[in-house]
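*Asks:* Handing you this structure, nothing more for now.
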Amino acid sequence: MSNFFCISKQNKFLFLLFFLETLLLLYPLSVQCACDNEAPLDKEKADTKVLIYKSLKKIEVYKNNLKLSHAVILSPYWKGKKQVRGDKKTPEGKYYICCKKNISKYNYFLGISYPNDADALQGLKADLITVKEFIKIDEQIKNRQKPLWNTKLGGYVGIHGTGKNKNFESAFNINWTDGCIALPDNIMEKVYELVEVGSPVTILP
C-alpha cells in the first residue's frame with residue numbers, strides 16, 4: 001500500500017483544502033468582477049489615456065486629438081493612498097482600465113486595475129496577501145488582466161456615474177464614494193464611450 005493511503009484523515013482533509021484553494025486562485029469566480037467586458041488586450045491602448053488629479057478633484061481623458069476634462073467626486077477619505085480593503089481611499093499610481101460595465105448601481109462603470117504590482121508588493125511585505133496571491137496579481141498585471149479584487153488589499157475601484165440616489169450630494173460637490181471616482185451620469189456616458197479596456201490610467205495625489 002502506498003504512503004498516500006496511510007495519510008491520516010486530517011492530513012487528507014488539509015491536502016484537499018489546499019488543492020481547492022489553489023484551484024480558486026488560478027480560476028477565480030466570475031462574481032469577483034462586476035464587469036461585462038474584462039478581456040485582456042494584446043497591446044496598450046496608447047491613443048486613449050486617463051489622468052485623475054485627486055487634490056484638484058479633476059479627471060482628464062485624452063483620445064487622439066480630443067480632450068475631455070471634468071470635476072469628479074471622491075471619497076470623504078480621499079487623502080492618502082489606498083492600502084487595505086475598507087479604508088475607502090482612492091489608489092495612487094499607474095493603472096489601466098481592466099473591465100467595463102454599462103449597467104450598475106451608479107450606471108456606467110470602468111474598473112481600474114488596483115492593486116497594481118507595486119501595491120501587491122507592499123501588501124506582501126505587510127503580510128496582507130500571501131506569496132501565492134502576489135504571484136497571481138503580478139501575472140495578471142503583466143498580462144493586463146483584472147487583478148484579484150478579493151484580497152485584504154481590496155478592489156472593485158473604478159470610475160462610475162452618480163445615479164439618482166446621489167444627485168443631491170453630487171450637486172453640492174460632497175465627497176461620498178467608497179474610494180471610486182464619480183462623475184455626473186451624462187459626462188460618465190461620454191467617458192465610457194471614449195475609454196477602452198486596456199487604456200492607461202494615472203491617478204495623482
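Going by the C-alpha cells order, chains are called A, B, ..., each with residues numbered from 1, while ligands are numbered from 1 in the order shown.
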Excluding region 160-163 of chain A and its own-chain neighbours fewer than 4 positions away, which residues fall within 12 Å of it when counting only C-alpha atoms? Please give them as a PyMOL selection string.
*Replies:* chain A and resi 35+72-74+100-112+156+167-171+173-192
*Asks:* Find the residues near Lys54 (chain A): any atom within 12 Å, counting only C-alpha atoms, skip ones fewer than 4 places away on the same chain, and give them as a PyMOL selection string.
*Replies:* chain A and resi 58-60+71-81+89-93+175+179-182+202-205
*Asks:* I'd like to know which of A:Lys136, A:Lys166, A:Arg144, A:Lys82 is closest to Gln122 (chain A), using only C-alpha atoms.
*Replies:*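 Using only C-alpha atoms, the shortest distance to Gln122 (chain A) belongs to A:Lys82.
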*Asks:* Pull the alpha helix (DSSP H) assignments for region 49-197 of chain A out of DSSP run on the backbone, and list those residues as a PyMOL selection string.
*Replies:* chain A and resi 117-125+131-142+167-171+185-194
*Asks:* Between A:Leu68, A:Leu56, A:Ala126, A:Ile137, which one has atoms that come closest to Gln83 (chain A), using only C-alpha atoms?
*Replies:*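 Under the stated criterion, the closest residue is A:Ala126.
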*Asks:* Using DSSP on the backbone, list every residue of region 57-103 of chain A that comes out as strand (DSSP E or B), and give them as a PyMOL selection string.
*Replies:* chain A and resi 58-63+66-71+73+93-101
*Asks:* Since we have the selection now, will you write its residues out, keeping C-alpha atoms, as a compact mmCIF listing (two decimals), in the first residue's frame?
*Replies:*
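Dumped to again.txt:
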# COMPACT_ATOMS: atom_id res chain seq x y z
CA LYS A 58 -10.50 66.52 -11.73
CA ILE A 59 -10.36 63.92 -14.49
CA GLU A 60 -8.86 64.36 -17.95
CA VAL A 61 -9.46 61.91 -20.79
CA TYR A 62 -7.39 62.08 -23.94
CA LYS A 63 -8.25 60.24 -27.14
CA LEU A 66 -9.86 65.03 -28.22
CA LYS A 67 -9.64 66.10 -24.58
CA LEU A 68 -12.42 65.76 -22.02
CA SER A 69 -11.98 67.40 -18.63
CA HIS A 70 -14.43 67.47 -15.73
CA ALA A 71 -14.71 67.72 -11.95
CA ILE A 73 -16.42 63.29 -6.68
CA GLY A 93 -0.14 55.30 -9.27
CA LYS A 94 -0.24 53.85 -12.76
CA TYR A 95 -3.11 51.52 -13.66
CA TYR A 96 -5.31 50.65 -16.64
CA ILE A 97 -8.98 50.05 -17.34
CA CYS A 98 -9.42 46.33 -16.67
CA CYS A 99 -13.16 45.97 -17.36
CA LYS A 100 -16.31 47.84 -18.41
CA LYS A 101 -19.94 47.60 -17.34
*Asks:* Enter the distance from CA of Lys152 (chain A) to CA of Val195 (chain A), in Å, rounded to one decimal.
*Replies:*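 Going from CA of Lys152 (chain A) over to CA of Val195 (chain A), I get 28.3 Å.
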*Asks:* Could you check the closest approach to Trp149 (chain A) for each of A:Asn65, A:Asn116, A:Gly198, A:Glu193 and tell me which residue wins, using only C-alpha atoms?
*Replies:*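 Of the candidates, the smallest distance to Trp149 (chain A) is held by A:Asn116.
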*Asks:* Between CA of Val157 (chain A) and CA of Asn64 (chain A), what distance in Å does the model show, to one decimal?
*Replies:*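 Computing it gives 25.8 Å between the two atoms.
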*Asks:* For CA of Pro115 (chain A) and CA of Glu196 (chain A), determine how far apart the two atoms are, in Å to one decimal place.
*Replies:*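 Going from CA of Pro115 (chain A) over to CA of Glu196 (chain A) covers 18.9 Å.
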